>>> print(open('input-v2.cif').read())   # mmCIF, C-alpha atoms and all ligand atoms
data_protein
#
loop_
_atom_site.group_PDB
_atom_site.id
_atom_site.type_symbol
_atom_site.label_atom_id
_atom_site.label_comp_id
_atom_site.auth_asym_id
_atom_site.auth_seq_id
_atom_site.Cartn_x
_atom_site.Cartn_y
_atom_site.Cartn_z
ATOM 1 C CA MET A 30 0.668 -37.563 38.654
ATOM 2 C CA GLY A 31 0.553 -39.256 42.037
ATOM 3 C CA ILE A 32 -1.239 -38.114 45.168
ATOM 4 C CA HIS A 33 -0.109 -34.992 46.965
ATOM 5 C CA LEU A 34 2.193 -36.042 49.796
ATOM 6 C CA THR A 35 1.990 -34.382 53.201
ATOM 7 C CA LYS A 36 4.228 -36.347 55.538
ATOM 8 C CA ALA A 37 7.905 -35.993 56.294
ATOM 9 C CA VAL A 38 9.886 -38.171 58.680
ATOM 10 C CA ILE A 39 13.093 -36.824 60.220
ATOM 11 C CA PRO A 40 15.280 -39.432 61.924
ATOM 12 C CA ALA A 41 17.227 -37.686 64.673
ATOM 13 C CA ALA A 42 18.013 -40.494 67.073
ATOM 14 C CA GLY A 43 21.597 -41.303 66.136
ATOM 15 C CA LEU A 44 24.256 -41.167 68.830
ATOM 16 C CA GLY A 45 26.295 -38.516 67.028
ATOM 17 C CA THR A 46 29.563 -40.027 68.181
ATOM 18 C CA ARG A 47 31.555 -38.071 65.597
ATOM 19 C CA PHE A 48 30.575 -34.886 67.405
ATOM 20 C CA LEU A 49 31.351 -35.765 70.999
ATOM 21 C CA PRO A 50 31.486 -34.148 73.485
ATOM 22 C CA ALA A 51 28.988 -31.619 72.012
ATOM 23 C CA THR A 52 26.480 -34.439 71.560
ATOM 24 C CA LYS A 53 26.824 -35.870 75.038
ATOM 25 C CA ALA A 54 23.634 -34.207 76.281
ATOM 26 C CA MET A 55 22.235 -32.786 73.024
ATOM 27 C CA PRO A 56 21.352 -34.355 69.687
ATOM 28 C CA LYS A 57 23.637 -33.310 66.825
ATOM 29 C CA GLU A 58 20.532 -32.124 64.980
ATOM 30 C CA MET A 59 20.354 -29.243 67.499
ATOM 31 C CA LEU A 60 23.848 -27.934 66.770
ATOM 32 C CA PRO A 61 23.468 -24.339 65.536
ATOM 33 C CA VAL A 62 24.343 -23.590 61.944
ATOM 34 C CA VAL A 63 24.967 -19.814 62.178
ATOM 35 C CA ASP A 64 21.985 -19.135 64.452
ATOM 36 C CA LYS A 65 19.471 -21.919 63.794
ATOM 37 C CA PRO A 66 19.663 -25.571 64.810
ATOM 38 C CA ALA A 67 20.379 -27.827 61.825
ATOM 39 C CA ILE A 68 17.015 -29.550 62.182
ATOM 40 C CA GLN A 69 15.124 -26.273 61.730
ATOM 41 C CA TYR A 70 16.601 -25.868 58.238
ATOM 42 C CA VAL A 71 15.430 -29.408 57.500
ATOM 43 C CA VAL A 72 11.891 -28.806 58.788
ATOM 44 C CA GLU A 73 11.759 -25.582 56.736
ATOM 45 C CA GLU A 74 12.794 -27.530 53.640
ATOM 46 C CA ALA A 75 10.025 -30.086 54.192
ATOM 47 C CA VAL A 76 7.437 -27.338 54.667
ATOM 48 C CA ASP A 77 8.655 -25.487 51.543
ATOM 49 C CA ALA A 78 8.010 -28.685 49.574
ATOM 50 C CA GLY A 79 4.459 -28.897 50.948
ATOM 51 C CA LEU A 80 5.145 -31.466 53.661
ATOM 52 C CA SER A 81 3.756 -29.811 56.767
ATOM 53 C CA ASP A 82 3.130 -32.961 58.801
ATOM 54 C CA VAL A 83 6.527 -33.695 60.325
ATOM 55 C CA LEU A 84 7.391 -36.700 62.462
ATOM 56 C CA VAL A 85 10.730 -36.559 64.256
ATOM 57 C CA VAL A 86 12.209 -39.866 65.402
ATOM 58 C CA THR A 87 14.048 -38.928 68.560
ATOM 59 C CA GLY A 88 16.585 -40.581 70.810
ATOM 60 C CA ARG A 89 17.573 -40.234 74.416
ATOM 61 C CA ASN A 90 17.882 -36.424 74.251
ATOM 62 C CA LYS A 91 14.420 -35.767 72.918
ATOM 63 C CA THR A 92 13.571 -32.689 74.963
ATOM 64 C CA ALA A 93 15.849 -30.192 73.219
ATOM 65 C CA ILE A 94 14.206 -30.834 69.819
ATOM 66 C CA ASP A 95 10.721 -30.995 71.234
ATOM 67 C CA ASN A 96 11.164 -27.711 73.128
ATOM 68 C CA HIS A 97 12.654 -25.941 70.138
ATOM 69 C CA PHE A 98 9.466 -26.382 68.114
ATOM 70 C CA ASP A 99 7.187 -25.602 71.055
ATOM 71 C CA ARG A 100 6.060 -22.326 72.602
ATOM 72 C CA VAL A 101 8.145 -20.763 75.323
ATOM 73 C CA TYR A 102 5.822 -18.378 77.116
ATOM 74 C CA GLU A 103 8.312 -16.872 79.553
ATOM 75 C CA LEU A 104 10.707 -15.876 76.810
ATOM 76 C CA GLU A 105 7.874 -14.646 74.584
ATOM 77 C CA SER A 106 6.412 -12.366 77.251
ATOM 78 C CA THR A 107 9.828 -11.001 78.243
ATOM 79 C CA LEU A 108 10.616 -10.148 74.625
ATOM 80 C CA GLU A 109 7.204 -8.573 74.249
ATOM 81 C CA GLN A 110 7.622 -6.457 77.398
ATOM 82 C CA LYS A 111 11.028 -5.279 76.249
ATOM 83 C CA GLY A 112 9.639 -4.366 72.823
ATOM 84 C CA LYS A 113 11.947 -6.793 71.042
ATOM 85 C CA GLY A 114 9.514 -7.576 68.244
ATOM 86 C CA ASP A 115 12.160 -8.843 65.808
ATOM 87 C CA MET A 116 13.454 -11.385 68.281
ATOM 88 C CA LEU A 117 9.916 -12.432 69.180
ATOM 89 C CA ARG A 118 9.182 -13.120 65.513
ATOM 90 C CA VAL A 119 12.322 -15.258 65.256
ATOM 91 C CA VAL A 120 11.299 -17.228 68.345
ATOM 92 C CA ASN A 121 7.769 -17.778 67.050
ATOM 93 C CA GLU A 122 8.928 -18.834 63.588
ATOM 94 C CA SER A 123 10.026 -22.278 64.685
ATOM 95 C CA THR A 124 6.862 -22.768 66.750
ATOM 96 C CA ALA A 125 4.456 -22.111 63.903
ATOM 97 C CA LEU A 126 6.458 -23.870 61.212
ATOM 98 C CA ALA A 127 4.830 -27.282 60.923
ATOM 99 C CA ASP A 128 2.524 -29.779 62.546
ATOM 100 C CA MET A 129 5.190 -31.517 64.630
ATOM 101 C CA HIS A 130 4.981 -35.066 65.955
ATOM 102 C CA TYR A 131 7.498 -37.149 67.849
ATOM 103 C CA VAL A 132 8.183 -40.823 68.312
ATOM 104 C CA ARG A 133 11.015 -42.380 70.270
ATOM 105 C CA GLN A 134 13.256 -44.864 68.564
ATOM 106 C CA GLY A 135 14.155 -46.723 71.761
ATOM 107 C CA ASP A 136 17.461 -48.353 70.993
ATOM 108 C CA PRO A 137 19.430 -46.747 68.158
ATOM 109 C CA LEU A 138 19.462 -49.876 66.009
ATOM 110 C CA GLY A 139 20.137 -48.053 62.756
ATOM 111 C CA LEU A 140 18.561 -45.691 60.241
ATOM 112 C CA GLY A 141 16.301 -48.445 58.853
ATOM 113 C CA HIS A 142 15.006 -49.133 62.341
ATOM 114 C CA ALA A 143 14.393 -45.395 62.913
ATOM 115 C CA VAL A 144 12.337 -45.178 59.704
ATOM 116 C CA LEU A 145 10.358 -48.261 60.727
ATOM 117 C CA ARG A 146 9.262 -46.396 63.874
ATOM 118 C CA ALA A 147 7.261 -44.085 61.575
ATOM 119 C CA LYS A 148 5.033 -46.914 60.323
ATOM 120 C CA MET A 149 1.985 -46.159 62.484
ATOM 121 C CA HIS A 150 2.103 -42.436 61.820
ATOM 122 C CA VAL A 151 2.630 -42.707 58.070
ATOM 123 C CA GLY A 152 0.030 -45.366 57.315
ATOM 124 C CA HIS A 153 -0.457 -46.244 53.660
ATOM 125 C CA GLU A 154 0.824 -43.197 51.788
ATOM 126 C CA PRO A 155 4.175 -42.419 50.232
ATOM 127 C CA PHE A 156 6.256 -40.125 52.459
ATOM 128 C CA ALA A 157 9.571 -38.319 52.554
ATOM 129 C CA VAL A 158 12.521 -38.995 54.837
ATOM 130 C CA LEU A 159 14.937 -36.135 55.521
ATOM 131 C CA LEU A 160 17.999 -36.728 57.649
ATOM 132 C CA GLY A 161 18.116 -34.143 60.406
ATOM 133 C CA ASP A 162 21.849 -33.493 60.142
ATOM 134 C CA ASP A 163 21.930 -33.078 56.366
ATOM 135 C CA ILE A 164 21.178 -29.568 55.065
ATOM 136 C CA ILE A 165 20.322 -28.929 51.427
ATOM 137 C CA ASP A 166 20.739 -25.271 50.466
ATOM 138 C CA ALA A 167 17.294 -23.724 50.047
ATOM 139 C CA ARG A 168 18.528 -22.086 46.813
ATOM 140 C CA ASP A 169 19.106 -25.517 45.216
ATOM 141 C CA PRO A 170 15.788 -27.296 45.690
ATOM 142 C CA LEU A 171 15.977 -31.073 45.627
ATOM 143 C CA LEU A 172 12.995 -32.417 47.527
ATOM 144 C CA GLN A 173 10.395 -30.911 45.180
ATOM 145 C CA ARG A 174 12.109 -32.547 42.206
ATOM 146 C CA MET A 175 12.130 -35.897 44.053
ATOM 147 C CA LEU A 176 8.414 -35.581 44.852
ATOM 148 C CA ASP A 177 7.697 -34.859 41.167
ATOM 149 C CA VAL A 178 9.694 -37.909 40.068
ATOM 150 C CA GLN A 179 7.903 -40.043 42.665
ATOM 151 C CA GLY A 180 4.557 -38.852 41.302
ATOM 152 C CA GLN A 181 5.539 -39.592 37.707
ATOM 153 C CA ARG A 182 7.071 -43.012 38.290
ATOM 154 C CA ASN A 183 5.179 -44.173 41.384
ATOM 155 C CA ALA A 184 8.432 -45.657 42.651
ATOM 156 C CA THR A 185 10.923 -45.148 45.461
ATOM 157 C CA VAL A 186 13.125 -42.106 44.906
ATOM 158 C CA ILE A 187 16.497 -41.468 46.528
ATOM 159 C CA ALA A 188 18.914 -38.539 46.256
ATOM 160 C CA LEU A 189 22.370 -39.211 44.831
ATOM 161 C CA MET A 190 25.407 -36.987 44.656
ATOM 162 C CA GLU A 191 28.778 -37.476 42.990
ATOM 163 C CA VAL A 192 31.479 -37.679 45.633
ATOM 164 C CA ASP A 193 35.234 -37.978 45.382
ATOM 165 C CA PRO A 194 36.158 -41.686 45.004
ATOM 166 C CA SER A 195 38.172 -41.429 48.233
ATOM 167 C CA GLN A 196 34.919 -40.654 50.102
ATOM 168 C CA THR A 197 32.673 -43.500 48.906
ATOM 169 C CA HIS A 198 33.398 -45.679 51.975
ATOM 170 C CA LEU A 199 31.466 -43.128 54.065
ATOM 171 C CA TYR A 200 28.186 -43.499 52.154
ATOM 172 C CA GLY A 201 25.699 -45.885 50.645
ATOM 173 C CA VAL A 202 26.717 -46.118 46.979
ATOM 174 C CA ALA A 203 24.510 -46.921 43.957
ATOM 175 C CA SER A 204 24.950 -48.767 40.656
ATOM 176 C CA VAL A 205 22.745 -47.052 38.112
ATOM 177 C CA GLU A 206 21.421 -46.990 34.551
ATOM 178 C CA ALA A 207 20.508 -43.823 32.642
ATOM 179 C CA THR A 208 16.865 -42.849 32.008
ATOM 180 C CA ASP A 209 15.278 -40.383 29.575
ATOM 181 C CA ASP A 210 15.564 -37.692 32.230
ATOM 182 C CA ASP A 211 18.959 -36.034 32.508
ATOM 183 C CA ASP A 212 18.977 -35.885 36.290
ATOM 184 C CA VAL A 213 17.226 -39.214 36.960
ATOM 185 C CA VAL A 214 18.830 -42.670 37.032
ATOM 186 C CA LYS A 215 17.416 -46.144 37.628
ATOM 187 C CA VAL A 216 19.088 -47.732 40.648
ATOM 188 C CA THR A 217 20.135 -51.333 39.996
ATOM 189 C CA GLY A 218 22.268 -51.981 43.063
ATOM 190 C CA LEU A 219 23.304 -50.432 46.386
ATOM 191 C CA VAL A 220 26.112 -51.056 48.857
ATOM 192 C CA GLU A 221 26.345 -49.485 52.321
ATOM 193 C CA LYS A 222 29.792 -48.013 53.034
ATOM 194 C CA PRO A 223 31.750 -50.102 50.481
ATOM 195 C CA ASP A 224 35.342 -50.999 51.341
ATOM 196 C CA PRO A 225 37.874 -48.681 49.681
ATOM 197 C CA GLY A 226 38.371 -49.687 46.038
ATOM 198 C CA LYS A 227 35.190 -51.795 45.986
ATOM 199 C CA SER A 228 32.680 -49.061 45.247
ATOM 200 C CA PRO A 229 30.323 -49.688 42.295
ATOM 201 C CA SER A 230 30.336 -45.955 41.382
ATOM 202 C CA ASN A 231 30.907 -42.566 42.962
ATOM 203 C CA LEU A 232 27.195 -41.821 43.278
ATOM 204 C CA ALA A 233 26.543 -41.587 47.009
ATOM 205 C CA ILE A 234 23.176 -41.612 48.725
ATOM 206 C CA ILE A 235 22.526 -38.338 50.548
ATOM 207 C CA GLY A 236 19.919 -37.729 53.217
ATOM 208 C CA ARG A 237 16.686 -37.360 51.245
ATOM 209 C CA TYR A 238 14.303 -40.165 50.302
ATOM 210 C CA VAL A 239 10.749 -40.411 49.005
ATOM 211 C CA LEU A 240 9.485 -43.828 49.997
ATOM 212 C CA ARG A 241 6.411 -45.913 49.372
ATOM 213 C CA PRO A 242 4.741 -47.535 52.390
ATOM 214 C CA GLU A 243 5.821 -50.994 51.184
ATOM 215 C CA VAL A 244 9.240 -50.096 52.594
ATOM 216 C CA PHE A 245 7.936 -50.863 56.096
ATOM 217 C CA ASP A 246 7.288 -54.543 55.297
ATOM 218 C CA VAL A 247 10.705 -54.768 53.714
ATOM 219 C CA LEU A 248 12.364 -53.131 56.746
ATOM 220 C CA GLU A 249 10.613 -55.555 59.076
ATOM 221 C CA ASN A 250 12.323 -58.360 57.197
ATOM 222 C CA THR A 251 15.715 -56.700 56.865
ATOM 223 C CA PRO A 252 18.323 -58.237 59.172
ATOM 224 C CA PRO A 253 21.063 -56.100 60.764
ATOM 225 C CA GLY A 254 23.757 -55.297 58.200
ATOM 226 C CA LYS A 255 26.897 -53.160 58.233
ATOM 227 C CA GLY A 256 27.861 -52.186 61.801
ATOM 228 C CA GLY A 257 25.167 -54.493 63.198
ATOM 229 C CA GLU A 258 22.544 -51.837 62.337
ATOM 230 C CA ILE A 259 19.312 -52.222 60.397
ATOM 231 C CA GLN A 260 20.293 -50.327 57.285
ATOM 232 C CA LEU A 261 17.833 -48.383 55.145
ATOM 233 C CA THR A 262 20.221 -49.000 52.250
ATOM 234 C CA ASP A 263 19.682 -52.768 52.568
ATOM 235 C CA ALA A 264 15.901 -52.344 52.388
ATOM 236 C CA LEU A 265 16.304 -50.061 49.367
ATOM 237 C CA LEU A 266 18.420 -52.731 47.693
ATOM 238 C CA THR A 267 15.581 -55.237 48.102
ATOM 239 C CA LEU A 268 13.244 -52.691 46.477
ATOM 240 C CA ALA A 269 15.736 -51.985 43.674
ATOM 241 C CA GLU A 270 16.163 -55.665 42.872
ATOM 242 C CA ASP A 271 12.463 -56.360 42.479
ATOM 243 C CA ASP A 272 10.326 -53.793 40.652
ATOM 244 C CA GLU A 273 7.236 -55.831 41.565
ATOM 245 C CA ILE A 274 7.381 -54.832 45.247
ATOM 246 C CA ALA A 275 7.055 -51.075 44.857
ATOM 247 C CA GLY A 276 7.970 -49.996 41.322
ATOM 248 C CA GLY A 277 11.752 -50.060 41.719
ATOM 249 C CA VAL A 278 14.131 -47.342 42.877
ATOM 250 C CA TYR A 279 15.124 -44.182 41.013
ATOM 251 C CA GLY A 280 17.805 -41.694 41.933
ATOM 252 C CA VAL A 281 17.684 -37.932 41.431
ATOM 253 C CA VAL A 282 21.239 -36.725 40.888
ATOM 254 C CA PHE A 283 21.757 -33.575 42.944
ATOM 255 C CA ARG A 284 24.342 -31.049 41.819
ATOM 256 C CA GLY A 285 23.649 -28.273 44.327
ATOM 257 C CA ARG A 286 24.970 -27.276 47.723
ATOM 258 C CA ARG A 287 24.728 -29.743 50.600
ATOM 259 C CA TYR A 288 26.134 -29.538 54.113
ATOM 260 C CA ASP A 289 26.623 -32.620 56.281
ATOM 261 C CA THR A 290 26.434 -31.115 59.740
ATOM 262 C CA GLY A 291 27.116 -34.455 61.445
ATOM 263 C CA ASP A 292 30.713 -34.227 60.225
ATOM 264 C CA LYS A 293 32.990 -31.714 61.964
ATOM 265 C CA LEU A 294 34.774 -30.374 58.899
ATOM 266 C CA ASP A 295 31.587 -30.094 56.828
ATOM 267 C CA TYR A 296 29.854 -28.442 59.769
ATOM 268 C CA ILE A 297 32.495 -25.711 59.934
ATOM 269 C CA LYS A 298 32.308 -25.222 56.147
ATOM 270 C CA ALA A 299 28.521 -24.961 56.341
ATOM 271 C CA ILE A 300 28.643 -22.194 58.914
ATOM 272 C CA VAL A 301 31.243 -20.208 56.959
ATOM 273 C CA GLN A 302 29.434 -20.588 53.619
ATOM 274 C CA LEU A 303 25.987 -19.756 54.942
ATOM 275 C CA ALA A 304 27.247 -16.855 57.082
ATOM 276 C CA CYS A 305 29.109 -15.338 54.096
ATOM 277 C CA ASP A 306 25.817 -15.221 52.179
ATOM 278 C CA ARG A 307 23.885 -13.576 55.003
ATOM 279 C CA LYS A 308 23.081 -9.881 54.696
ATOM 280 C CA ASP A 309 23.674 -9.256 58.406
ATOM 281 C CA LEU A 310 26.983 -11.130 58.646
ATOM 282 C CA GLY A 311 28.496 -11.484 55.158
ATOM 283 C CA PRO A 312 29.707 -7.871 54.691
ATOM 284 C CA ASP A 313 31.847 -8.108 57.846
ATOM 285 C CA LEU A 314 32.782 -11.764 57.626
ATOM 286 C CA ARG A 315 34.001 -11.856 54.009
ATOM 287 C CA PRO A 316 36.799 -9.260 54.278
ATOM 288 C CA TRP A 317 37.889 -10.736 57.621
ATOM 289 C CA LEU A 318 37.985 -14.211 56.081
ATOM 290 C CA LYS A 319 40.133 -12.999 53.166
ATOM 291 C CA GLU A 320 42.605 -11.441 55.549
ATOM 292 C CA PHE A 321 42.643 -14.517 57.735
ATOM 293 C CA VAL A 322 43.182 -16.859 54.794
ATOM 294 C CA GLY A 323 45.933 -14.581 53.461
ATOM 295 C CA GLY A 324 47.773 -15.054 56.745
ATOM 296 C CA LEU A 325 47.592 -18.870 56.650
HETATM 297 P P1 LIG A 401 24.538 -41.328 61.151
HETATM 298 O O1 LIG A 401 25.270 -42.575 60.971
HETATM 299 O O2 LIG A 401 25.051 -40.082 60.524
HETATM 300 O O3 LIG A 401 24.262 -40.960 62.696
HETATM 301 O O4 LIG A 401 23.031 -41.577 60.780
HETATM 302 P P2 LIG A 401 25.004 -41.281 63.996
HETATM 303 O O5 LIG A 401 25.069 -42.739 64.215
HETATM 304 O O6 LIG A 401 24.325 -40.456 65.018
HETATM 305 O O7 LIG A 401 26.431 -40.613 63.713
HETATM 306 P P3 LIG A 401 27.869 -40.942 64.297
HETATM 307 O O8 LIG A 401 28.505 -41.722 63.200
HETATM 308 O O9 LIG A 401 27.687 -41.692 65.591
HETATM 309 O O10 LIG A 401 28.501 -39.596 64.510
HETATM 310 C C1 LIG A 401 22.321 -40.872 59.793
HETATM 311 C C2 LIG A 401 20.982 -40.368 60.316
HETATM 312 O O11 LIG A 401 20.208 -41.404 60.877
HETATM 313 C C3 LIG A 401 19.823 -41.103 62.198
HETATM 314 C C4 LIG A 401 20.809 -40.062 62.673
HETATM 315 O O12 LIG A 401 20.228 -39.242 63.682
HETATM 316 C C5 LIG A 401 21.117 -39.304 61.392
HETATM 317 O O13 LIG A 401 20.121 -38.334 61.114
HETATM 318 N N1 LIG A 401 19.830 -42.357 62.971
HETATM 319 C C6 LIG A 401 20.880 -43.199 62.883
HETATM 320 C C7 LIG A 401 18.749 -42.656 63.780
HETATM 321 O O14 LIG A 401 17.762 -41.889 63.857
HETATM 322 N N2 LIG A 401 18.762 -43.824 64.480
HETATM 323 C C8 LIG A 401 19.804 -44.689 64.414
HETATM 324 O O15 LIG A 401 19.734 -45.748 65.083
HETATM 325 C C9 LIG A 401 20.906 -44.370 63.600
#
>>> encode(input="input-v2.cif", output="structure tokens")
Amino acid sequence: MGIHLTKAVIPAAGLGTRFLPATKAMPKEMLPVVDKPAIQYVVEEAVDAGLSDVLVVTGRNKTAIDNHFDRVYELESTLEQKGKGDMLRVVNESTALADMHYVRQGDPLGLGHAVLRAKMHVGHEPFAVLLGDDIIDARDPLLQRMLDVQGQRNATVIALMEVDPSQTHLYGVASVEATDDDDVVKVTGLVEKPDPGKSPSNLAIIGRYVLRPEVFDVLENTPPGKGGEIQLTDALLTLAEDDEIAGGVYGVVFRGRRYDTGDKLDYIKAIVQLACDRKDLGPDLRPWLKEFVGGL
């Protein structure tokens, strides 16, 4: 087994153009999913997998994220005075969650560039990257499995999910070979957002990665790719093509529930699905939803 990892990096510096105007003055990672910002689900997932040192790579609207994970004395004392203990607990939950750190990306030059900003903080250990707008349902754990595979194979591990062939142009897509493990594949090639009809498979990269520190050197030498951005996928391809650099790249194939909150339609689906399962909302929402759908 490998060393016990402690660090998670959450890139949250994208422009979120698909969600304008909501993201004009607020990062998309702060959009509420039922009653929590998307990024809080992601931090909770990291902590559940034992990664309590969390570095958020922020963009121009840093303060909203920073404040969310910080204390807010005025609100706390008001809630306390009014005897609203339940609410106070909810407020304090996000404050006590993890050991939070922040670094600014500067210019949003791409996901690869955002990850590179974590170099100083991460140092020489393997670490996880969790995209702040990508929620994995807590009932379908993925990150722990990826950390286990990383420990066993001492390689780079990415998360893959089968998507409809009509959707592959929205993702990084992998060519793979089977391994002895049912849910693990060896990645032999990767393409970022392949043109329609040119996708090597329908296995798309989703927003979880367990990386070795060698990725930083590779990223430093990765030129801008698709969209003029420094693409993490391009750096991963370099690692997949040469097992000597960092042990190659493996994919864990995820078959659980995932919500891409950076996409409007998926965001709406996420709220409905998660609210239906909630004890406080589901019993009222479900019958209403049935009636509503019946009228469509
Ligand atoms: P996306 O491509 O989904 O983010 O990046 P975006 O560019 O904000 O989205 P649209 O297309 O304009 O709506 C995936 C992840 O990488 C982060 C984003 O915050 C998101 O979590 N990212 C992307 C950065 O941190 N920096 C970047 O320069 C680009």
>>> residues_near_ligand(input="input-v2.cif", ligand="ligand LIG 401 (chain A)", cutoff="7 Å", atoms="all atoms listed in the file", output="MDAnalysis selection string")
chainID A and resid 40:48 86:87 134 136:140 142:143 160:162 291
>>> residues_around(input="input-v2.cif", residues="A:Lys91", least_positions_apart="5", cutoff="10 Å", atoms="only C-alpha atoms", output="list in words")
Ala41, Ala42, Ala54, Met55, Pro56, Val85, Val86, Asn96, Tyr131, Val132 and Arg133 of chain A
>>> resolve_selection(input="input-v2.cif", expression="the PyMOL selection byres (((chain A and resi 239) around 6) and not hetatm)", output="VMD selection string")
chain A and resid 156 to 157 185 to 186 238 240
>>> write_last_selection(input="input-v2.cif", atoms="C-alpha atoms", output="tab-separated table (two decimals), keeping the file's coordinate frame")
chain	number	residue	atom	x	y	z
A	156	PHE	CA	6.26	-40.12	52.46
A	157	ALA	CA	9.57	-38.32	52.55
A	185	THR	CA	10.92	-45.15	45.46
A	186	VAL	CA	13.12	-42.11	44.91
A	238	TYR	CA	14.30	-40.16	50.30
A	240	LEU	CA	9.48	-43.83	50.00
>>> resolve_selection(input="input-v2.cif", expression="the PyMOL selection byres (((chain A and resi 213-221) around 8) and not hetatm)", output="ChimeraX atom specification")
/A:200-212,222-223,228-229,255,260,262-263,265-266,269-270,277-282
>>> closest_residue(input="input-v2.cif", among="A:Gly276, A:Gly114, A:Gly256, A:Gly236", to="A:Ile164", atoms="only C-alpha atoms")
A:Gly236
>>> closest_residue(input="input-v2.cif", among="A:Asp292, A:Asp82, A:Glu105, A:Glu243", to="A:Leu60", atoms="only C-alpha atoms")
A:Asp292
>>> closest_residue(input="input-v2.cif", among="A:Ile39, A:Val301, A:Met190, A:Ile68", to="A:Leu232", atoms="only C-alpha atoms")
A:Met190
>>> axis_aligned_box(input="input-v2.cif", around="stretch 122-133 of chain A", padding_each_side="4 Å", output="AutoDock Vina command-line options")
--center_x 6.8 --center_y -30.6 --center_z 65.6 --size_x 16.5 --size_y 31.5 --size_z 17.3
>>> closest_residue(input="input-v2.cif", among="A:Lys293, A:Lys319, A:His130, A:Lys53", to="A:Asp95", atoms="only C-alpha atoms")
A:His130
>>> atom_distance(input="input-v2.cif", atom1="atom CA of A:Ala184", atom2="atom CA of A:His150")
20.4 Å
>>> atom_distance(input="input-v2.cif", atom1="atom CA of A:Ala167", atom2="atom CA of A:Tyr70")
8.5 Å
>>> residues_around(input="input-v2.cif", residues="A:Val72", least_positions_apart="5", cutoff="12 Å", atoms="all atoms listed in the file", output="ChimeraX atom specification")
/A:36-41,58,65-67,77-85,94,97-98,122-130,157-165,167,172
>>> closest_residue(input="input-v2.cif", among="A:Gln181, A:Gln302, A:Gln110, A:Thr35", to="A:Val151", atoms="all atoms listed in the file")
A:Thr35
>>> atom_distance(input="input-v2.cif", atom1="atom CA of A:His153", atom2="atom CA of A:Val244")
10.5 Å
